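Student: structure35.tsv is reproduced in full below (TSV, C-alpha atoms and all ligand atoms).
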```
chain	number	residue	atom	x	y	z
A	1	MET	CA	8.09	6.81	15.86
A	2	SER	CA	5.01	6.17	13.74
A	3	VAL	CA	5.36	7.25	10.15
A	4	ILE	CA	1.60	7.18	9.57
A	5	GLU	CA	-1.13	7.63	12.13
A	6	LEU	CA	-4.92	7.77	11.95
A	7	GLU	CA	-6.44	9.50	14.95
A	8	ASP	CA	-10.10	8.84	15.71
A	9	VAL	CA	-10.97	8.75	12.01
A	10	ILE	CA	-14.62	8.71	11.01
A	11	LYS	CA	-15.56	8.30	7.34
A	12	ARG	CA	-19.13	8.71	6.17
A	13	TYR	CA	-20.32	8.17	2.61
A	14	GLN	CA	-23.54	9.64	1.37
A	15	SER	CA	-25.31	7.38	-1.09
A	16	GLY	CA	-28.66	8.86	-2.03
A	17	VAL	CA	-30.56	9.56	1.18
A	18	GLU	CA	-28.59	6.96	3.08
A	19	THR	CA	-25.41	7.68	5.05
A	20	VAL	CA	-22.92	4.85	5.44
A	21	GLU	CA	-20.42	5.16	8.27
A	22	ALA	CA	-17.53	3.10	6.88
A	23	LEU	CA	-15.05	4.01	9.67
A	24	LYS	CA	-16.35	4.71	13.15
A	25	GLY	CA	-13.47	6.29	15.04
A	26	VAL	CA	-10.39	4.37	13.91
A	27	ASP	CA	-7.00	4.75	15.60
A	28	PHE	CA	-4.11	3.23	13.69
A	29	SER	CA	-0.36	3.60	13.38
A	30	ALA	CA	2.56	1.99	11.58
A	31	ASP	CA	6.30	2.37	12.09
A	32	ARG	CA	9.18	2.20	9.64
A	33	GLY	CA	10.36	-1.37	9.25
A	34	GLU	CA	6.98	-2.71	10.35
A	35	MET	CA	4.50	-4.72	8.28
A	36	VAL	CA	0.91	-4.19	9.37
A	37	THR	CA	-1.80	-6.34	7.82
A	38	VAL	CA	-5.43	-5.28	7.93
A	39	ILE	CA	-7.99	-8.08	7.83
A	40	GLY	CA	-11.76	-8.17	8.16
A	41	PRO	CA	-14.93	-9.25	6.39
A	42	SER	CA	-16.15	-7.78	3.11
A	43	GLY	CA	-17.52	-4.28	3.62
A	44	SER	CA	-15.83	-3.84	7.01
A	45	GLY	CA	-13.88	-0.73	5.94
A	46	LYS	CA	-10.47	-2.09	4.89
A	47	SER	CA	-10.28	-0.25	1.56
A	48	THR	CA	-11.61	2.91	3.15
A	49	MET	CA	-8.87	2.69	5.76
A	50	LEU	CA	-6.21	2.07	3.12
A	51	ASN	CA	-7.47	5.10	1.19
A	52	MET	CA	-7.01	7.27	4.30
A	53	ILE	CA	-3.49	5.94	4.90
A	54	GLY	CA	-2.61	6.44	1.21
A	55	LEU	CA	-3.96	10.02	1.28
A	56	LEU	CA	-6.35	9.04	-1.53
A	57	ASP	CA	-9.35	10.23	0.47
A	58	THR	CA	-9.89	12.47	3.48
A	59	PRO	CA	-11.68	11.70	6.74
A	60	THR	CA	-15.09	13.15	7.60
A	61	GLU	CA	-13.79	13.62	11.15
A	62	GLY	CA	-10.48	12.92	12.87
A	63	HIS	CA	-6.88	13.42	11.80
A	64	VAL	CA	-4.21	11.87	9.59
A	65	HIS	CA	-0.56	12.34	10.59
A	66	LEU	CA	2.26	11.61	8.18
A	67	ASP	CA	5.74	11.67	9.72
A	68	ALA	CA	4.32	13.59	12.70
A	69	ARG	CA	2.74	16.26	10.46
A	70	ASP	CA	-1.01	16.70	10.51
A	71	VAL	CA	-1.93	16.44	6.82
A	72	THR	CA	-5.71	16.34	7.37
A	73	ASP	CA	-6.28	19.81	5.99
A	74	PHE	CA	-3.71	19.68	3.19
A	75	SER	CA	-4.94	20.84	-0.22
A	76	GLU	CA	-5.39	18.34	-3.05
A	77	ASP	CA	-2.08	19.50	-4.60
A	78	GLU	CA	-0.22	19.09	-1.32
A	79	LEU	CA	-1.69	15.62	-0.82
A	80	THR	CA	-0.67	14.64	-4.37
A	81	GLU	CA	2.88	15.74	-3.62
A	82	GLU	CA	2.94	13.78	-0.33
A	83	ARG	CA	1.63	10.71	-2.14
A	84	ARG	CA	4.21	10.99	-4.90
A	85	THR	CA	7.18	11.33	-2.61
A	86	GLY	CA	6.11	9.43	0.50
A	87	ILE	CA	3.92	6.52	-0.53
A	88	GLY	CA	4.37	3.54	-2.84
A	89	PHE	CA	1.44	1.43	-4.04
A	90	VAL	CA	1.20	-2.25	-4.96
A	91	PHE	CA	-2.08	-3.62	-6.31
A	92	GLN	CA	-3.57	-7.07	-6.75
A	93	ASP	CA	-3.49	-6.84	-10.55
A	94	PHE	CA	0.00	-5.27	-10.81
A	95	HIS	CA	-1.04	-2.16	-12.84
A	96	LEU	CA	2.02	-2.25	-15.12
A	97	LEU	CA	1.97	-0.38	-18.41
A	98	PRO	CA	2.00	-3.07	-21.13
A	99	MET	CA	4.07	-1.17	-23.71
A	100	LEU	CA	6.91	-0.38	-21.30
A	101	THR	CA	9.75	-2.68	-20.28
A	102	ALA	CA	10.29	-3.75	-16.68
A	103	VAL	CA	12.92	-1.08	-16.10
A	104	GLU	CA	10.78	1.63	-17.74
A	105	ASN	CA	7.80	0.65	-15.58
A	106	VAL	CA	9.95	0.95	-12.45
A	107	GLU	CA	11.36	4.33	-13.55
A	108	LEU	CA	7.97	5.81	-14.41
A	109	PRO	CA	6.93	7.22	-10.99
A	110	SER	CA	10.29	9.01	-10.71
A	111	MET	CA	10.14	10.82	-14.07
A	112	TRP	CA	9.47	14.14	-12.33
A	113	ASN	CA	12.33	13.64	-9.87
A	114	THR	CA	15.58	14.96	-11.28
A	115	SER	CA	17.46	14.53	-8.01
A	116	VAL	CA	17.72	10.74	-8.23
A	117	ASP	CA	19.56	8.72	-10.80
A	118	ARG	CA	16.38	6.90	-11.60
A	119	HIS	CA	17.70	4.46	-14.17
A	120	ASP	CA	20.42	3.14	-11.88
A	121	ARG	CA	18.03	2.86	-8.95
A	122	ALA	CA	15.42	1.08	-11.12
A	123	VAL	CA	18.02	-1.46	-12.26
A	124	GLU	CA	19.25	-1.92	-8.69
A	125	LEU	CA	15.70	-2.49	-7.37
A	126	LEU	CA	14.94	-5.00	-10.13
A	127	ARG	CA	18.16	-6.84	-9.30
A	128	ARG	CA	17.14	-6.93	-5.65
A	129	VAL	CA	13.84	-8.59	-6.50
A	130	GLY	CA	15.66	-11.14	-8.65
A	131	LEU	CA	14.85	-9.67	-12.07
A	132	GLY	CA	18.28	-8.43	-13.11
A	133	ASP	CA	18.03	-10.62	-16.22
A	134	ARG	CA	14.53	-9.40	-17.16
A	135	LEU	CA	15.13	-5.65	-17.35
A	136	ASP	CA	13.99	-5.26	-20.96
A	137	HIS	CA	11.05	-7.65	-20.85
A	138	THR	CA	7.55	-6.23	-21.26
A	139	PRO	CA	4.82	-7.41	-18.84
A	140	ASP	CA	3.44	-9.98	-21.33
A	141	GLN	CA	6.87	-11.62	-21.33
A	142	LEU	CA	6.83	-12.01	-17.54
A	143	SER	CA	4.98	-14.41	-15.21
A	144	GLY	CA	2.42	-13.06	-12.72
A	145	GLY	CA	4.91	-13.31	-9.87
A	146	GLN	CA	7.58	-11.51	-11.91
A	147	GLN	CA	5.10	-8.77	-12.81
A	148	GLN	CA	4.29	-8.31	-9.13
A	149	ARG	CA	8.02	-8.09	-8.36
A	150	VAL	CA	8.31	-5.32	-10.98
A	151	ALA	CA	5.39	-3.58	-9.24
A	152	VAL	CA	7.12	-3.92	-5.86
A	153	ALA	CA	10.33	-2.43	-7.33
A	154	ARG	CA	8.29	0.41	-8.87
A	155	SER	CA	6.62	1.18	-5.53
A	156	LEU	CA	10.05	1.78	-3.97
A	157	ILE	CA	11.63	3.94	-6.70
A	158	ASN	CA	10.98	7.25	-4.90
A	159	GLU	CA	12.22	5.90	-1.56
A	160	PRO	CA	8.80	6.13	0.10
A	161	ASP	CA	8.14	6.05	3.84
A	162	ILE	CA	5.10	3.83	3.37
A	163	LEU	CA	4.31	1.00	0.98
A	164	LEU	CA	0.58	0.27	0.64
A	165	ALA	CA	-0.31	-3.15	-0.66
A	166	ASP	CA	-3.88	-3.97	-1.62
A	167	GLU	CA	-4.20	-7.77	-1.84
A	168	PRO	CA	-0.61	-8.10	-3.14
A	169	THR	CA	-0.86	-11.90	-3.40
A	170	GLY	CA	-4.49	-11.97	-4.59
A	171	ASN	CA	-3.72	-12.98	-8.18
A	172	LEU	CA	-0.84	-15.34	-7.42
A	173	ASP	CA	-0.64	-19.03	-6.55
A	174	GLN	CA	0.46	-19.91	-3.04
A	175	ASP	CA	4.16	-20.49	-3.76
A	176	THR	CA	4.49	-17.33	-5.84
A	177	GLY	CA	2.60	-15.40	-3.16
A	178	GLN	CA	5.07	-16.66	-0.60
A	179	THR	CA	8.00	-15.44	-2.70
A	180	ILE	CA	6.43	-11.97	-2.91
A	181	LEU	CA	5.91	-11.93	0.86
A	182	GLU	CA	9.55	-12.90	1.41
A	183	GLU	CA	10.62	-10.06	-0.91
A	184	LEU	CA	8.43	-7.57	0.95
A	185	THR	CA	9.77	-8.69	4.32
A	186	ARG	CA	13.34	-8.22	3.15
A	187	LEU	CA	12.72	-4.87	1.44
A	188	LYS	CA	10.81	-3.50	4.42
A	189	GLU	CA	14.01	-3.78	6.45
A	190	ASP	CA	16.46	-2.78	3.71
A	191	GLU	CA	14.41	0.30	2.76
A	192	ASN	CA	13.18	1.04	6.31
A	193	VAL	CA	9.67	1.42	4.99
A	194	ALA	CA	6.34	0.79	6.73
A	195	ILE	CA	4.21	-1.72	4.83
A	196	VAL	CA	0.45	-1.58	5.28
A	197	ALA	CA	-1.38	-4.39	3.52
A	198	VAL	CA	-4.97	-5.46	3.13
A	199	THR	CA	-5.47	-9.15	2.46
A	200	HIS	CA	-7.72	-12.20	2.48
A	201	ASP	CA	-4.60	-14.40	2.27
A	202	ASP	CA	-3.97	-16.10	5.64
A	203	GLN	CA	-0.43	-16.93	4.51
A	204	MET	CA	0.36	-13.23	4.81
A	205	LEU	CA	-0.19	-13.33	8.57
A	206	ASP	CA	2.96	-15.47	8.91
A	207	TYR	CA	5.02	-12.55	7.58
A	208	THR	CA	3.30	-9.67	9.30
A	209	ASP	CA	4.49	-7.90	12.45
A	210	THR	CA	1.07	-6.57	13.42
A	211	THR	CA	-2.40	-7.77	12.44
A	212	VAL	CA	-5.29	-5.33	12.71
A	213	ARG	CA	-8.79	-6.77	12.57
A	214	ILE	CA	-11.57	-4.42	11.54
A	215	VAL	CA	-15.27	-5.30	11.75
A	216	ASP	CA	-18.06	-2.94	10.71
A	217	GLY	CA	-15.81	0.14	10.75
A	218	VAL	CA	-14.38	-0.55	14.20
A	219	ILE	CA	-10.94	-1.98	15.02
A	220	GLN	CA	-11.67	-5.05	17.11
A	221	GLU	CA	-8.21	-6.41	17.68
A	222	VAL	CA	-4.55	-5.49	17.25
A	223	ASP	CA	-2.30	-8.53	17.39
A	224	GLN	CA	1.47	-8.17	17.77
A	225	PRO	CA	2.83	-11.66	18.34
B	1	LIG	N1	-17.92	5.60	-2.35
B	1	LIG	C1	-18.76	5.00	-1.50
B	1	LIG	N2	-20.03	5.42	-1.39
B	1	LIG	C2	-20.90	4.85	-0.52
B	1	LIG	N3	-20.56	3.82	0.29
B	1	LIG	C3	-19.31	3.34	0.22
B	1	LIG	C4	-18.33	3.91	-0.68
B	1	LIG	N4	-17.17	3.23	-0.53
B	1	LIG	C5	-17.41	2.29	0.41
B	1	LIG	N5	-18.68	2.36	0.87
B	1	LIG	C6	-19.27	1.51	1.92
B	1	LIG	O1	-18.44	1.59	3.06
B	1	LIG	C7	-18.33	0.32	3.70
B	1	LIG	C8	-16.87	-0.11	3.75
B	1	LIG	O2	-16.40	-0.36	2.43
B	1	LIG	P1	-14.92	-0.83	2.10
B	1	LIG	O3	-14.78	-0.86	0.62
B	1	LIG	O4	-13.97	-0.01	2.85
B	1	LIG	O5	-14.90	-2.34	2.68
B	1	LIG	P2	-13.81	-3.49	2.52
B	1	LIG	O6	-13.58	-4.04	3.89
B	1	LIG	O7	-12.64	-2.98	1.79
B	1	LIG	O8	-14.59	-4.56	1.62
B	1	LIG	P3	-14.02	-5.68	0.60
B	1	LIG	O9	-13.23	-6.67	1.40
B	1	LIG	O10	-15.28	-6.29	0.07
B	1	LIG	O11	-13.23	-4.97	-0.45
B	1	LIG	C9	-19.22	-0.63	2.91
B	1	LIG	O12	-20.48	-0.70	3.54
B	1	LIG	C10	-19.33	0.05	1.56
B	1	LIG	O13	-20.56	-0.29	0.93
```
Here is the file; what I need is its structure written in the form of structure tokens.
Ligand SMILES: Nc1ncnc2c1ncn2[C@@H]1O[C@H](COP(=O)(O)OP(=O)(O)OP(=O)(O)O)[C@@H](O)[C@H]1O
Tutor:
Amino acid sequence: MSVIELEDVIKRYQSGVETVEALKGVDFSADRGEMVTVIGPSGSGKSTMLNMIGLLDTPTEGHVHLDARDVTDFSEDELTEERRTGIGFVFQDFHLLPMLTAVENVELPSMWNTSVDRHDRAVELLRRVGLGDRLDHTPDQLSGGQQQRVAVARSLINEPDILLADEPTGNLDQDTGQTILEELTRLKEDENVAIVAVTHDDQMLDYTDTTVRIVDGVIQEVDQP
């Protein structure tokens, strides 16, 4: 069953007197254990789509379903709660806090959650991405690839249903990017999480289960090799 679903989503932005229709009736879904990669030219609506899936913005028309619940009309507080518990984020430029160690960065999104033993899980996640010997390093003591692995571990600390990755290999060389993609592929199965990624990196398509091509706000092709 799909963990996230966009149903006929239209998104319009008003900029001055002009209206931009960034999404023109998009249907999309992703399952647990599936990696879906969204590709398309600049300005085609990829970020807008990712914002809908990440509950960071709401559609002008259409519906968003999370775990079979229609969350379209949720309040801002309810959406924040869904984001915190259900969605992990990985960004191109890592977004780690420079004064915190690797393990503290991973623990950070779970500070509010008293039901998990967050320190143990943070250590375990860092071990699983190969950083068991870098727990107390700060970001400036880590390579770019290691920092992205910390960010991947952090995205999984709250056991999300969905991991959203915005250009996760964008700031990494090809070999390091490949290592990150291998980690994501492994974790997607171990954690039974849906990964939705936006990328310009063709290498990513070798790891993806489903490729969605969007052009001018319309999904043109869904490829499931
Ligand atoms: N806040 C906004 N206000 C007005 N127009 C916007 C806004 N955000 C995006 N747009 C417009 O919506 C369209 C889709 O933008 P979006 O950022 O989703 O594209 P993208 O595919 O992610 O592009 P890129 O690959 O360059 O990041 C573009 O025409 C963009 O100019």
Student: What is the CA of His95 (chain A)-CA of Val150 (chain A) distance in Å, reported with one decimal?
Tutor: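 Going from CA of His95 (chain A) over to CA of Val150 (chain A) covers 10.0 Å.
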Student: Using only C-alpha atoms and all ligand atoms, can you tell me which of A:Asp57, A:Glu7, A:Glu76, A:Glu221 comes closest to ligand LIG 1 (chain B)?
Tutor: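 Of the candidates, the smallest distance to ligand LIG 1 (chain B) is held by A:Asp57.
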Student: Would you name the residues within 7 Å of ligand LIG 1 (chain B), counting all atoms listed in the file, and put them as a ChimeraX atom specification?
Tutor: /A:13-15,20-22,40-49
Student: Residues of the last selection are to be written out with C-alpha atoms, as a PDB file, in the coordinates of the input.
Tutor:
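So the final result, stored in part_29.pdb, reads:
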```pdb
ATOM      1  CA  TYR A  13     -20.320   8.170   2.610  1.00  0.00           C
ATOM      2  CA  GLN A  14     -23.540   9.640   1.370  1.00  0.00           C
ATOM      3  CA  SER A  15     -25.310   7.380  -1.090  1.00  0.00           C
ATOM      4  CA  VAL A  20     -22.920   4.850   5.440  1.00  0.00           C
ATOM      5  CA  GLU A  21     -20.420   5.160   8.270  1.00  0.00           C
ATOM      6  CA  ALA A  22     -17.530   3.100   6.880  1.00  0.00           C
ATOM      7  CA  GLY A  40     -11.760  -8.170   8.160  1.00  0.00           C
ATOM      8  CA  PRO A  41     -14.930  -9.250   6.390  1.00  0.00           C
ATOM      9  CA  SER A  42     -16.150  -7.780   3.110  1.00  0.00           C
ATOM     10  CA  GLY A  43     -17.520  -4.280   3.620  1.00  0.00           C
ATOM     11  CA  SER A  44     -15.830  -3.840   7.010  1.00  0.00           C
ATOM     12  CA  GLY A  45     -13.880  -0.730   5.940  1.00  0.00           C
ATOM     13  CA  LYS A  46     -10.470  -2.090   4.890  1.00  0.00           C
ATOM     14  CA  SER A  47     -10.280  -0.250   1.560  1.00  0.00           C
ATOM     15  CA  THR A  48     -11.610   2.910   3.150  1.00  0.00           C
ATOM     16  CA  MET A  49      -8.870   2.690   5.760  1.00  0.00           C
TER      17      MET A  49
END
```
Student: Padding 4 Å on each side, edges along x, y and z: where is the centre of the box around the listed atoms of region 116-126 of chain A, and how long are its edges in Å to one decimal? Output it as AutoDock Vina command-line options.
Tutor:
```
--center_x 17.7 --center_y 2.9 --center_z -10.8 --size_x 13.5 --size_y 23.7 --size_z 14.8
```
Student: When distances are computed from all atoms listed in the file, which of A:His200, A:Arg186, A:Arg154, A:Arg83 shows the smallest separation from Asn171 (chain A)?
Tutor: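 That would be A:His200, the residue with the smallest distance to Asn171 (chain A).
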Student: Would you kindly return, as number ranges by chain, each protein, DNA or RNA residue with an atom no farther than 12 Å from any atom of Thr185 (chain A), considering all atoms listed in the file and excluding same-chain residues fewer than 2 positions away?
Tutor: A: 33-36, 129, 152, 163, 178-183, 187-197, 204-209
Student: Mind giving me the straight-line distance from CA of Met99 (chain A) to CA of Asp117 (chain A) in Å, one decimal?
Tutor: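 Pair CA of Met99 (chain A) / CA of Asp117 (chain A) returns 22.5 Å.
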Student: Ranking A:Gly88, A:Pro168, A:Pro160, A:Gly16 by minimum distance to Asp67 (chain A) and counting all atoms listed in the file, which one comes first?
Tutor: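 Counting all atoms listed in the file, the residue closest to Asp67 (chain A) is A:Pro160.
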Student: Between CA of Leu23 (chain A) and CA of Val218 (chain A), what is the distance, to one decimal in Å?
Tutor: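 Computing it gives 6.5 Å between the two atoms.
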Student: Which residue out of A:Glu61, A:Ser75, A:Gly144, A:Ser155 has the minimum interatomic distance to Asp175 (chain A) when all atoms listed in the file are used?
Tutor: A:Gly144
Student: Counting all atoms listed in the file, write as a list in words all protein and nucleic acid residues lying at most 9 Å from (-8.1, 12.3, 13.8) in the file's frame.
Tutor: Glu5, Leu6, Glu7, Asp8, Val9, Ile10, Gly25, Val26, Asp27, Pro59, Glu61, Gly62, His63, Val64, His65, Asp70 and Thr72 of chain A
Student: Taking into account all atoms listed in the file, which residue in the set A:Thr60, A:Asn51, A:Ser110, A:Gln92 is nearest to Arg149 (chain A)?
Tutor: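 Once distances to Arg149 (chain A) are computed over all atoms listed in the file, the minimum belongs to A:Gln92.
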Student: Just checking: using all atoms listed in the file, which residue out of A:Asp120, A:Leu50, A:Gly130, A:Leu79 ends up closest to Ser29 (chain A)?
Tutor: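 Using all atoms listed in the file, the shortest distance to Ser29 (chain A) belongs to A:Leu50.
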Student: Give as a short mmCIF file (atom, residue, chain, number, x, y, z; two decimals) with C-alpha atoms, in the coordinates of the input every residue, naming chains and numbers as the document does, that has an atom within 8 Å of (-2.4, -4.5, -6.7), counting only C-alpha atoms.
Tutor:
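Written out: part26.cif:
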```
data_model
loop_
_atom_site.label_atom_id
_atom_site.label_comp_id
_atom_site.auth_asym_id
_atom_site.auth_seq_id
_atom_site.Cartn_x
_atom_site.Cartn_y
_atom_site.Cartn_z
CA PHE A 89 1.44 1.43 -4.04
CA VAL A 90 1.20 -2.25 -4.96
CA PHE A 91 -2.08 -3.62 -6.31
CA GLN A 92 -3.57 -7.07 -6.75
CA ASP A 93 -3.49 -6.84 -10.55
CA PHE A 94 0.00 -5.27 -10.81
CA HIS A 95 -1.04 -2.16 -12.84
CA ALA A 165 -0.31 -3.15 -0.66
CA ASP A 166 -3.88 -3.97 -1.62
CA GLU A 167 -4.20 -7.77 -1.84
CA PRO A 168 -0.61 -8.10 -3.14
#
```
